[in-house]
Amino acid sequence: MKRILVTGGAGFIGSHLCKRLVEEGNEVICLDNFFTGSKKNVKNLLDYDNFELIRHDVTKEINLEIDQIYNLACPASPPHYQYNPIKTAKTSVMGAINMLGLAKRVHARILQASTSEVYGDPEVHPQPESYRGCVNPIGIRSCYDEGKRMAETLFFDYYRQHGLDIKVIRIFNTYGPNMHPEDGRVVSNFIVQALKGEDITVYGDGSQTRSFCYVDDLIEGMYRMMNSRDGFTGPVNLGNPGEYTILELAEKVIKLTGSKSEIIRMPLPSDDPAQRRPAIDLAGKELNWKPHIMLEDGLGRTIDYFREVVEA
Ligand code: NAD
Ligand code: UDP
C-alpha cells in the first residue's frame with residue numbers, strides 16, 4: 001500500500017478519490033484550505049486510521065513523506081474561481097510549483113488535475129489532446145484557464161528538466177454527489193433549482209454544449225492514469241463524449257425531478273465556450289478506460305443526493 005497525498009481532497013472530486021484510496025488500504029493525506037471544499041465531504045473517512053486531514057494552502061510549501069500526489073487543489077466553478085482571480089492563478093501556478101518541488105524531493109509520482117478549459121472556446125470539435133486550444137489570455141475565465149495551462153507547462157518542464165514522474169489528465173465537466181449546492185456549476189444549479197421549485201437559469205439561448213461525466217467514471221480514469229505505465233505522461237482527456245445542449249440538460253433535470261420549475265433566460269457570461277466534447281481514444285488505448293454511466297442514470301443519483309441536502 002502507498003502513502004498518497006490528495007490536494008483539494010475535501011472538494012467534490014477529491015472526496016470521492018480519497019474514499020477510493022482509503023478503502024483500498026492506502027495511507028491517505030487529504031490537504032485542503034476549505035475554500036470550496038468542506039470537512040463534511042470527508043467526515044465518513046475520519047474514523048479510518050489510514051486517513052489524515054490537513055488544513056493547508058498549496059500556495060505555501062509543505063514537507064511530507066509520500067509516494068504519490070494527486071494535485072486537485074483549485075476552485076473549479078466559474079463563480080468560485082472568479083471570486084478572487086489572483087488567488088486562483090496563484091493556487092494553480094504556485095500550487096503546481098510547490099507540489100512538483102515536493103515530488104522532486106521525495107521522488108513521488110505526481111498527477112495534475114488539468115481541465116478541458118485548456119482548449120478554451122474550441123474551434124476543433126471534438127477536442128483531441130493534440131489541439132492547442134483557443135484561450136483568451138485577458139478574460140474573466142483566464143485566471144483559471146491560463147493558470148491550468150501554466151501548471152501543465154510546469155509539469156512538462158519538471159519532466160524534461162528533472163525527470164519527474166508526471167501524469168496529466170484533462171478533466172471534462174464532471175458531476176455527482178458532494179458538489180457544493182451553491183457551487184454555481186450548471187448541474188448542481190439546475191438540480192437544486194428544480195428541487196426547490198425555483199426558476200431554472202439557462203444562460204444565453206442554451207444552445208451551448210457540454211459533455212457530462214459522472215464522478216465514479218472519472219475517479220476510475222484518474223486512478224488508472226496514476227497507475228499507468230512508466231513514461232506515459234499524458235496529457236489525456238477524461239470525460240464522457242455524450243454531448244448535450246444546456247437547454248436539453250435543463251429539460252432532463254425537470255423531467256427527472258418531476259419539478260414544476262420554469263426555464264428562464266439569463267445573460268451569457270463572457271468567453272463561455274460554445275461547445276465541448278472530449279475525444280477519448282487515447283484514454284481507451286492507454287488506460288483501457290471509457291465511461292459507463294449514462295447521463296440519466298448519473299443525474300438520478302445526483303438528484304437523490306441533493307434531495308437529502310435540500311431537505312436537511
Ligand atoms: P472543488 O472546488 O469542489 O474542489 C477543489 C478543492 O480544492 C476544494 O476542496 C478547495 O477547498 C480546495 N482548494 C482550493 N484552493 C486551495 C488552495 N489554495 N490550497 C488548498 N486547497 C485548495 O472542485 P472539483 O470539481 O472537485 O475540482 C477538483 C479539481 O479538478 C480542480 O483542480 C479542478 O480544476 C479540476 N477539474 C474539475 C472539473 C469538474 O468538472 N469538476 C473539470 C475540470 C477540472
Ligand atoms: N450555465 C447555465 N446556467 C447556470 C449555470 C451554468 O446556463 O445556472 C451554463 C454556462 O453558461 C455554461 C454551461 O452551463 O455554458 C456549463 O457551465 P459550468 O459553470 O457548469 O461549467 P463550464 O462553463 O466551466 O463548463
# chains A, B, ... in the order shown; residues from 1 in each chain; ligands from 1

$ residues_around --residues "region 178-193 of chain A" --least-positions-apart "4" --cutoff "8 Å" --atoms "only C-alpha atoms" --output "PyMOL selection string"
chain A and resi 11-13+15+36-37+41+77-80+197-201+250+253+257+261+303+305-306+309-310

$ select_by_dssp --residues "region 76-206 of chain A" --states "alpha helix (DSSP H)" --output "ChimeraX atom specification"
/A:78-83,85-106,142-162,186-196

$ write_last_selection --atoms "C-alpha atoms" --output "PDB file, in the first residue's frame"
ATOM      1  CA  PRO A  78     -16.632  29.847 -12.601  1.00  0.00           C
ATOM      2  CA  PRO A  79     -18.232  31.918  -9.759  1.00  0.00           C
ATOM      3  CA  HIS A  80     -15.752  30.474  -7.248  1.00  0.00           C
ATOM      4  CA  TYR A  81     -12.616  30.835  -9.332  1.00  0.00           C
ATOM      5  CA  GLN A  82     -13.670  34.351 -10.413  1.00  0.00           C
ATOM      6  CA  TYR A  83     -14.311  35.420  -6.793  1.00  0.00           C
ATOM      7  CA  PRO A  85      -8.949  35.560  -9.666  1.00  0.00           C
ATOM      8  CA  ILE A  86      -5.445  36.445  -8.476  1.00  0.00           C
ATOM      9  CA  LYS A  87      -5.659  33.803  -5.782  1.00  0.00           C
ATOM     10  CA  THR A  88      -6.927  31.293  -8.377  1.00  0.00           C
ATOM     11  CA  ALA A  89      -3.889  31.921 -10.569  1.00  0.00           C
ATOM     12  CA  LYS A  90      -1.594  31.621  -7.526  1.00  0.00           C
ATOM     13  CA  THR A  91      -3.249  28.372  -6.486  1.00  0.00           C
ATOM     14  CA  SER A  92      -2.727  26.842  -9.924  1.00  0.00           C
ATOM     15  CA  VAL A  93       0.786  28.101 -10.526  1.00  0.00           C
ATOM     16  CA  MET A  94       2.378  28.282  -7.061  1.00  0.00           C
ATOM     17  CA  GLY A  95       0.454  25.153  -6.051  1.00  0.00           C
ATOM     18  CA  ALA A  96       1.969  23.314  -9.018  1.00  0.00           C
ATOM     19  CA  ILE A  97       5.476  24.599  -8.218  1.00  0.00           C
ATOM     20  CA  ASN A  98       5.174  23.572  -4.555  1.00  0.00           C
ATOM     21  CA  MET A  99       3.773  20.136  -5.321  1.00  0.00           C
ATOM     22  CA  LEU A 100       6.307  19.492  -8.085  1.00  0.00           C
ATOM     23  CA  GLY A 101       9.081  20.557  -5.686  1.00  0.00           C
ATOM     24  CA  LEU A 102       7.751  18.130  -3.099  1.00  0.00           C
ATOM     25  CA  ALA A 103       7.515  15.323  -5.673  1.00  0.00           C
ATOM     26  CA  LYS A 104      11.105  16.027  -6.700  1.00  0.00           C
ATOM     27  CA  ARG A 105      12.404  15.924  -3.099  1.00  0.00           C
ATOM     28  CA  VAL A 106      10.719  12.644  -2.178  1.00  0.00           C
ATOM     29  CA  SER A 142      -8.283  33.399 -17.903  1.00  0.00           C
ATOM     30  CA  CYS A 143      -7.191  33.138 -14.249  1.00  0.00           C
ATOM     31  CA  TYR A 144      -8.379  29.542 -14.348  1.00  0.00           C
ATOM     32  CA  ASP A 145      -7.665  28.591 -17.976  1.00  0.00           C
ATOM     33  CA  GLU A 146      -4.216  30.158 -18.165  1.00  0.00           C
ATOM     34  CA  GLY A 147      -3.385  29.069 -14.607  1.00  0.00           C
ATOM     35  CA  LYS A 148      -4.112  25.486 -15.586  1.00  0.00           C
ATOM     36  CA  ARG A 149      -2.167  25.860 -18.830  1.00  0.00           C
ATOM     37  CA  MET A 150       0.846  27.217 -16.925  1.00  0.00           C
ATOM     38  CA  ALA A 151       0.565  24.324 -14.473  1.00  0.00           C
ATOM     39  CA  GLU A 152       0.743  21.894 -17.406  1.00  0.00           C
ATOM     40  CA  THR A 153       3.817  23.761 -18.695  1.00  0.00           C
ATOM     41  CA  LEU A 154       5.485  23.423 -15.286  1.00  0.00           C
ATOM     42  CA  PHE A 155       4.683  19.714 -15.145  1.00  0.00           C
ATOM     43  CA  PHE A 156       6.311  19.130 -18.525  1.00  0.00           C
ATOM     44  CA  ASP A 157       9.328  21.313 -17.663  1.00  0.00           C
ATOM     45  CA  TYR A 158       9.901  19.355 -14.431  1.00  0.00           C
ATOM     46  CA  TYR A 159       9.584  16.173 -16.501  1.00  0.00           C
ATOM     47  CA  ARG A 160      12.123  17.311 -19.095  1.00  0.00           C
ATOM     48  CA  GLN A 161      14.499  19.131 -16.736  1.00  0.00           C
ATOM     49  CA  HIS A 162      14.423  16.849 -13.680  1.00  0.00           C
ATOM     50  CA  VAL A 186     -24.771  24.002 -14.235  1.00  0.00           C
ATOM     51  CA  VAL A 187     -25.684  20.520 -12.984  1.00  0.00           C
ATOM     52  CA  SER A 188     -25.855  21.470  -9.306  1.00  0.00           C
ATOM     53  CA  ASN A 189     -27.637  24.765 -10.098  1.00  0.00           C
ATOM     54  CA  PHE A 190     -30.335  23.112 -12.222  1.00  0.00           C
ATOM     55  CA  ILE A 191     -30.960  20.239  -9.784  1.00  0.00           C
ATOM     56  CA  VAL A 192     -31.152  22.492  -6.715  1.00  0.00           C
ATOM     57  CA  GLN A 193     -33.410  24.952  -8.566  1.00  0.00           C
ATOM     58  CA  ALA A 194     -35.681  22.128  -9.744  1.00  0.00           C
ATOM     59  CA  LEU A 195     -35.927  20.568  -6.283  1.00  0.00           C
ATOM     60  CA  LYS A 196     -36.767  23.923  -4.710  1.00  0.00           C
TER      61      LYS A 196
END

$ select_by_dssp --residues "region 50-216 of chain A" --states "strand (DSSP E or B)" --output "ChimeraX atom specification"
/A:51-55,68-71,109-115,120,127,134,166-171,174-175,200-203,209-211,213-214

$ atom_distance --atom1 "CA of Leu72 (chain A)" --atom2 "CA of Glu248 (chain A)"
29.6 Å

$ closest_residue --among "A:Glu27, A:Asp121, A:Glu52, A:Asp47" --to "ligand 2" --atoms "only C-alpha atoms and all ligand atoms"
A:Asp121

$ residues_near_ligand --ligand "ligand 1" --cutoff "6 Å" --atoms "only C-alpha atoms and all ligand atoms" --output "JSON, numbers by chain"
{"A": [8, 9, 10, 11, 12, 13, 14, 32, 33, 34, 35, 36, 37, 56, 57, 58, 59, 72, 73, 74, 75, 76, 91, 113, 114, 115, 171, 172, 173, 174]}

$ write_last_selection --atoms "N, CA and C atoms" --output "PDB file, in the first residue's frame"
ATOM      1  N   GLY A   8      -6.643  19.360  -2.332  1.00  0.00           N
ATOM      2  CA  GLY A   8      -8.041  19.617  -2.704  1.00  0.00           C
ATOM      3  C   GLY A   8      -8.917  18.405  -2.403  1.00  0.00           C
ATOM      4  N   GLY A   9      -8.458  17.596  -1.453  1.00  0.00           N
ATOM      5  CA  GLY A   9      -9.123  16.317  -1.155  1.00  0.00           C
ATOM      6  C   GLY A   9     -10.485  16.459  -0.492  1.00  0.00           C
ATOM      7  N   ALA A  10     -10.794  17.648   0.051  1.00  0.00           N
ATOM      8  CA  ALA A  10     -12.105  17.832   0.689  1.00  0.00           C
ATOM      9  C   ALA A  10     -13.119  18.443  -0.278  1.00  0.00           C
ATOM     10  N   GLY A  11     -12.734  18.570  -1.534  1.00  0.00           N
ATOM     11  CA  GLY A  11     -13.656  19.095  -2.546  1.00  0.00           C
ATOM     12  C   GLY A  11     -14.507  17.984  -3.135  1.00  0.00           C
ATOM     13  N   PHE A  12     -15.223  18.333  -4.175  1.00  0.00           N
ATOM     14  CA  PHE A  12     -16.149  17.388  -4.812  1.00  0.00           C
ATOM     15  C   PHE A  12     -15.395  16.144  -5.327  1.00  0.00           C
ATOM     16  N   ILE A  13     -14.519  16.309  -6.283  1.00  0.00           N
ATOM     17  CA  ILE A  13     -13.831  15.147  -6.860  1.00  0.00           C
ATOM     18  C   ILE A  13     -12.860  14.544  -5.839  1.00  0.00           C
ATOM     19  N   GLY A  14     -12.144  15.410  -5.120  1.00  0.00           N
ATOM     20  CA  GLY A  14     -11.140  14.945  -4.160  1.00  0.00           C
ATOM     21  C   GLY A  14     -11.728  14.017  -3.111  1.00  0.00           C
ATOM     22  N   ASP A  32      -6.236  20.464   2.328  1.00  0.00           N
ATOM     23  CA  ASP A  32      -7.237  21.387   1.778  1.00  0.00           C
ATOM     24  C   ASP A  32      -7.259  22.678   2.599  1.00  0.00           C
ATOM     25  N   ASN A  33      -7.566  23.790   1.939  1.00  0.00           N
ATOM     26  CA  ASN A  33      -7.735  25.038   2.703  1.00  0.00           C
ATOM     27  C   ASN A  33      -9.218  25.350   2.929  1.00  0.00           C
ATOM     28  N   PHE A  34     -10.092  24.449   2.482  1.00  0.00           N
ATOM     29  CA  PHE A  34     -11.552  24.545   2.675  1.00  0.00           C
ATOM     30  C   PHE A  34     -12.165  25.801   2.039  1.00  0.00           C
ATOM     31  N   PHE A  35     -11.561  26.273   0.952  1.00  0.00           N
ATOM     32  CA  PHE A  35     -12.154  27.424   0.258  1.00  0.00           C
ATOM     33  C   PHE A  35     -13.490  27.015  -0.379  1.00  0.00           C
ATOM     34  N   THR A  36     -13.474  25.967  -1.177  1.00  0.00           N
ATOM     35  CA  THR A  36     -14.737  25.466  -1.753  1.00  0.00           C
ATOM     36  C   THR A  36     -15.073  24.072  -1.233  1.00  0.00           C
ATOM     37  N   GLY A  37     -14.110  23.410  -0.646  1.00  0.00           N
ATOM     38  CA  GLY A  37     -14.356  22.076  -0.094  1.00  0.00           C
ATOM     39  C   GLY A  37     -14.843  22.177   1.342  1.00  0.00           C
ATOM     40  N   HIS A  56      -4.246  23.247   4.945  1.00  0.00           N
ATOM     41  CA  HIS A  56      -3.031  23.867   4.402  1.00  0.00           C
ATOM     42  C   HIS A  56      -3.376  24.479   3.044  1.00  0.00           C
ATOM     43  N   ASP A  57      -2.645  25.516   2.688  1.00  0.00           N
ATOM     44  CA  ASP A  57      -2.843  26.180   1.408  1.00  0.00           C
ATOM     45  C   ASP A  57      -1.693  25.783   0.480  1.00  0.00           C
ATOM     46  N   VAL A  58      -2.008  25.291  -0.720  1.00  0.00           N
ATOM     47  CA  VAL A  58      -0.950  24.818  -1.618  1.00  0.00           C
ATOM     48  C   VAL A  58      -0.033  25.925  -2.124  1.00  0.00           C
ATOM     49  N   THR A  59      -0.425  27.180  -1.923  1.00  0.00           N
ATOM     50  CA  THR A  59       0.486  28.251  -2.336  1.00  0.00           C
ATOM     51  C   THR A  59       1.674  28.353  -1.372  1.00  0.00           C
ATOM     52  N   LEU A  72      -5.172  18.335  -6.931  1.00  0.00           N
ATOM     53  CA  LEU A  72      -6.522  18.784  -7.317  1.00  0.00           C
ATOM     54  C   LEU A  72      -6.859  20.158  -6.762  1.00  0.00           C
ATOM     55  N   ALA A  73      -6.033  20.697  -5.886  1.00  0.00           N
ATOM     56  CA  ALA A  73      -6.409  21.944  -5.202  1.00  0.00           C
ATOM     57  C   ALA A  73      -6.579  23.073  -6.206  1.00  0.00           C
ATOM     58  N   CYS A  74      -7.768  23.587  -6.320  1.00  0.00           N
ATOM     59  CA  CYS A  74      -8.109  24.728  -7.172  1.00  0.00           C
ATOM     60  C   CYS A  74      -9.624  24.831  -7.242  1.00  0.00           C
ATOM     61  N   PRO A  75     -10.191  26.010  -6.995  1.00  0.00           N
ATOM     62  CA  PRO A  75     -11.646  26.118  -7.187  1.00  0.00           C
ATOM     63  C   PRO A  75     -11.962  25.848  -8.653  1.00  0.00           C
ATOM     64  N   ALA A  76     -13.093  25.167  -8.916  1.00  0.00           N
ATOM     65  CA  ALA A  76     -13.358  24.729 -10.284  1.00  0.00           C
ATOM     66  C   ALA A  76     -14.589  25.384 -10.907  1.00  0.00           C
ATOM     67  N   THR A  91      -3.008  29.758  -6.890  1.00  0.00           N
ATOM     68  CA  THR A  91      -3.249  28.372  -6.486  1.00  0.00           C
ATOM     69  C   THR A  91      -2.790  27.417  -7.578  1.00  0.00           C
ATOM     70  N   ALA A 113      -4.530  17.489 -12.001  1.00  0.00           N
ATOM     71  CA  ALA A 113      -5.915  17.576 -12.471  1.00  0.00           C
ATOM     72  C   ALA A 113      -6.023  18.817 -13.344  1.00  0.00           C
ATOM     73  N   SER A 114      -5.749  18.635 -14.645  1.00  0.00           N
ATOM     74  CA  SER A 114      -5.930  19.746 -15.578  1.00  0.00           C
ATOM     75  C   SER A 114      -7.369  19.692 -16.107  1.00  0.00           C
ATOM     76  N   THR A 115      -7.630  20.431 -17.126  1.00  0.00           N
ATOM     77  CA  THR A 115      -9.035  20.668 -17.488  1.00  0.00           C
ATOM     78  C   THR A 115      -9.237  20.846 -18.990  1.00  0.00           C
ATOM     79  N   ILE A 171      -9.658  16.998 -17.387  1.00  0.00           N
ATOM     80  CA  ILE A 171     -11.000  16.585 -16.970  1.00  0.00           C
ATOM     81  C   ILE A 171     -12.040  17.440 -17.681  1.00  0.00           C
ATOM     82  N   PHE A 172     -13.048  16.789 -18.262  1.00  0.00           N
ATOM     83  CA  PHE A 172     -14.209  17.496 -18.843  1.00  0.00           C
ATOM     84  C   PHE A 172     -15.326  17.493 -17.799  1.00  0.00           C
ATOM     85  N   ASN A 173     -16.272  18.412 -17.933  1.00  0.00           N
ATOM     86  CA  ASN A 173     -17.351  18.636 -16.943  1.00  0.00           C
ATOM     87  C   ASN A 173     -17.792  17.357 -16.234  1.00  0.00           C
ATOM     88  N   THR A 174     -17.536  17.320 -14.951  1.00  0.00           N
ATOM     89  CA  THR A 174     -17.861  16.155 -14.130  1.00  0.00           C
ATOM     90  C   THR A 174     -18.865  16.566 -13.060  1.00  0.00           C
TER      91      THR A 174
END

$ atom_distance --atom1 "CA of Arg132 (chain A)" --atom2 "CA of Tyr203 (chain A)"
26.7 Å

$ residues_around --residues "Cys213 (chain A)" --least-positions-apart "3" --cutoff "12 Å" --atoms "only C-alpha atoms" --output "ChimeraX atom specification"
/A:13,171-176,187,210,216-221,237-244,277-278,290-299,302

$ write_last_selection --atoms "N, CA, C and O atoms" --output "CSV table (one decimal), in the first residue's frame"
chain,number,residue,atom,x,y,z
A,13,ILE,N,-14.5,16.3,-6.3
A,13,ILE,CA,-13.8,15.1,-6.9
A,13,ILE,C,-12.9,14.5,-5.8
A,13,ILE,O,-12.8,13.3,-5.7
A,171,ILE,N,-9.7,17.0,-17.4
A,171,ILE,CA,-11.0,16.6,-17.0
A,171,ILE,C,-12.0,17.4,-17.7
A,171,ILE,O,-11.9,18.7,-17.7
A,172,PHE,N,-13.0,16.8,-18.3
A,172,PHE,CA,-14.2,17.5,-18.8
A,172,PHE,C,-15.3,17.5,-17.8
A,172,PHE,O,-15.4,16.6,-16.9
A,173,ASN,N,-16.3,18.4,-17.9
A,173,ASN,CA,-17.4,18.6,-16.9
A,173,ASN,C,-17.8,17.4,-16.2
A,173,ASN,O,-18.4,16.5,-16.9
A,174,THR,N,-17.5,17.3,-15.0
A,174,THR,CA,-17.9,16.2,-14.1
A,174,THR,C,-18.9,16.6,-13.1
A,174,THR,O,-18.8,17.7,-12.6
A,175,TYR,N,-19.8,15.7,-12.7
A,175,TYR,CA,-20.8,16.0,-11.8
A,175,TYR,C,-21.1,14.8,-10.9
A,175,TYR,O,-20.7,13.7,-11.2
A,176,GLY,N,-21.8,15.0,-9.8
A,176,GLY,CA,-22.2,13.9,-8.9
A,176,GLY,C,-22.4,14.4,-7.5
A,176,GLY,O,-22.3,15.6,-7.2
A,187,VAL,N,-24.9,21.7,-13.4
A,187,VAL,CA,-25.7,20.5,-13.0
A,187,VAL,C,-26.2,20.8,-11.6
A,187,VAL,O,-27.4,20.5,-11.3
A,210,ARG,N,-22.2,20.9,-23.6
A,210,ARG,CA,-21.2,20.3,-22.7
A,210,ARG,C,-21.4,18.8,-22.7
A,210,ARG,O,-22.4,18.3,-23.0
A,216,ASP,N,-18.0,8.8,-10.6
A,216,ASP,CA,-17.4,7.5,-10.4
A,216,ASP,C,-16.6,7.1,-11.6
A,216,ASP,O,-15.5,6.4,-11.5
A,217,ASP,N,-17.1,7.4,-12.8
A,217,ASP,CA,-16.3,7.1,-14.0
A,217,ASP,C,-15.0,7.9,-14.1
A,217,ASP,O,-13.9,7.3,-14.4
A,218,LEU,N,-15.1,9.1,-13.7
A,218,LEU,CA,-13.8,9.9,-13.7
A,218,LEU,C,-12.8,9.4,-12.7
A,218,LEU,O,-11.6,9.3,-13.0
A,219,ILE,N,-13.3,9.0,-11.5
A,219,ILE,CA,-12.3,8.5,-10.5
A,219,ILE,C,-11.6,7.3,-11.0
A,219,ILE,O,-10.4,7.1,-10.8
A,220,GLU,N,-12.3,6.4,-11.7
A,220,GLU,CA,-11.7,5.2,-12.2
A,220,GLU,C,-10.6,5.6,-13.3
A,220,GLU,O,-9.5,5.0,-13.2
A,221,GLY,N,-10.9,6.6,-14.1
A,221,GLY,CA,-9.9,7.0,-15.1
A,221,GLY,C,-8.7,7.7,-14.4
A,221,GLY,O,-7.5,7.4,-14.8
A,237,ASN,N,-7.3,13.1,-22.1
A,237,ASN,CA,-8.6,13.6,-21.8
A,237,ASN,C,-9.4,12.6,-21.0
A,237,ASN,O,-9.4,11.4,-21.3
A,238,LEU,N,-10.1,13.0,-20.0
A,238,LEU,CA,-11.1,12.1,-19.3
A,238,LEU,C,-12.4,12.8,-19.2
A,238,LEU,O,-12.6,13.9,-18.7
A,239,GLY,N,-13.4,12.2,-19.9
A,239,GLY,CA,-14.7,12.8,-19.9
A,239,GLY,C,-15.7,11.8,-20.6
A,239,GLY,O,-15.3,10.8,-21.2
A,240,ASN,N,-16.9,12.2,-20.6
A,240,ASN,CA,-18.0,11.4,-21.3
A,240,ASN,C,-18.3,12.1,-22.6
A,240,ASN,O,-18.7,13.2,-22.6
A,241,PRO,N,-18.1,11.4,-23.7
A,241,PRO,CA,-18.4,12.1,-25.0
A,241,PRO,C,-19.8,12.4,-25.3
A,241,PRO,O,-20.1,13.0,-26.3
A,242,GLY,N,-20.8,11.9,-24.5
A,242,GLY,CA,-22.2,12.2,-24.8
A,242,GLY,C,-22.3,13.8,-24.6
A,242,GLY,O,-22.0,14.3,-23.6
A,243,GLU,N,-22.8,14.4,-25.7
A,243,GLU,CA,-22.8,15.9,-25.7
A,243,GLU,C,-24.3,16.4,-25.8
A,243,GLU,O,-25.1,15.9,-26.5
A,244,TYR,N,-24.6,17.4,-24.9
A,244,TYR,CA,-25.9,17.9,-24.8
A,244,TYR,C,-25.9,19.4,-24.8
A,244,TYR,O,-25.0,20.0,-24.2
A,277,ARG,N,-16.6,18.7,-26.1
A,277,ARG,CA,-16.8,17.3,-26.1
A,277,ARG,C,-15.4,16.6,-26.2
A,277,ARG,O,-14.6,16.9,-27.1
A,278,PRO,N,-15.1,15.7,-25.4
A,278,PRO,CA,-13.8,15.1,-25.4
A,278,PRO,C,-13.6,14.0,-26.4
A,278,PRO,O,-14.5,13.2,-26.6
A,290,LYS,N,-13.1,3.8,-20.5
A,290,LYS,CA,-14.2,4.7,-21.1
A,290,LYS,C,-15.3,4.8,-20.0
A,290,LYS,O,-15.4,3.9,-19.1
A,291,PRO,N,-16.1,5.8,-20.1
A,291,PRO,CA,-17.2,6.0,-19.1
A,291,PRO,C,-18.3,5.0,-19.3
A,291,PRO,O,-18.6,4.6,-20.5
A,292,HIS,N,-19.0,4.6,-18.2
A,292,HIS,CA,-20.1,3.7,-18.4
A,292,HIS,C,-21.4,4.2,-17.9
A,292,HIS,O,-22.5,3.6,-18.2
A,293,ILE,N,-21.4,5.3,-17.2
A,293,ILE,CA,-22.7,5.8,-16.6
A,293,ILE,C,-23.3,6.8,-17.5
A,293,ILE,O,-22.8,7.9,-17.8
A,294,MET,N,-24.5,6.4,-17.9
A,294,MET,CA,-25.3,7.3,-18.8
A,294,MET,C,-25.8,8.6,-18.1
A,294,MET,O,-26.0,8.5,-16.8
A,295,LEU,N,-26.1,9.6,-18.8
A,295,LEU,CA,-26.5,10.9,-18.2
A,295,LEU,C,-27.7,10.7,-17.3
A,295,LEU,O,-27.7,11.2,-16.1
A,296,GLU,N,-28.7,10.1,-17.7
A,296,GLU,CA,-30.0,9.9,-16.9
A,296,GLU,C,-29.7,9.2,-15.6
A,296,GLU,O,-30.2,9.6,-14.6
A,297,ASP,N,-28.9,8.2,-15.7
A,297,ASP,CA,-28.5,7.4,-14.5
A,297,ASP,C,-27.7,8.3,-13.5
A,297,ASP,O,-28.1,8.3,-12.3
A,298,GLY,N,-26.7,8.9,-14.0
A,298,GLY,CA,-25.9,9.8,-13.2
A,298,GLY,C,-26.7,10.9,-12.6
A,298,GLY,O,-26.5,11.3,-11.4
A,299,LEU,N,-27.6,11.5,-13.4
A,299,LEU,CA,-28.4,12.6,-12.9
A,299,LEU,C,-29.3,12.1,-11.8
A,299,LEU,O,-29.5,12.8,-10.7
A,302,THR,N,-27.4,11.8,-8.6
A,302,THR,CA,-27.1,13.2,-8.1
A,302,THR,C,-28.3,13.9,-7.5
A,302,THR,O,-28.2,14.6,-6.5

$ closest_residue --among "A:Arg224, A:Arg265, A:Lys2, A:Arg170" --to "Trp289 (chain A)" --atoms "only C-alpha atoms"
A:Arg224

$ atom_distance --atom1 "CA of Gly25 (chain A)" --atom2 "CA of Asn50 (chain A)"
7.1 Å

$ closest_residue --among "A:Arg141, A:Lys19, A:Lys167, A:Lys285" --to "ligand 2" --atoms "only C-alpha atoms and all ligand atoms"
A:Arg141

$ closest_residue --among "A:Ala312, A:Val6, A:Ile264, A:Ala279" --to "ligand 2" --atoms "only C-alpha atoms and all ligand atoms"
A:Ile264

$ closest_residue --among "A:Val236, A:Leu268, A:Leu287, A:Met225" --to "Gln127 (chain A)" --atoms "only C-alpha atoms"
A:Val236

$ closest_residue --among "A:Gly133, A:Pro267, A:Gly234, A:Pro177" --to "ligand 2" --atoms "only C-alpha atoms and all ligand atoms"
A:Pro267
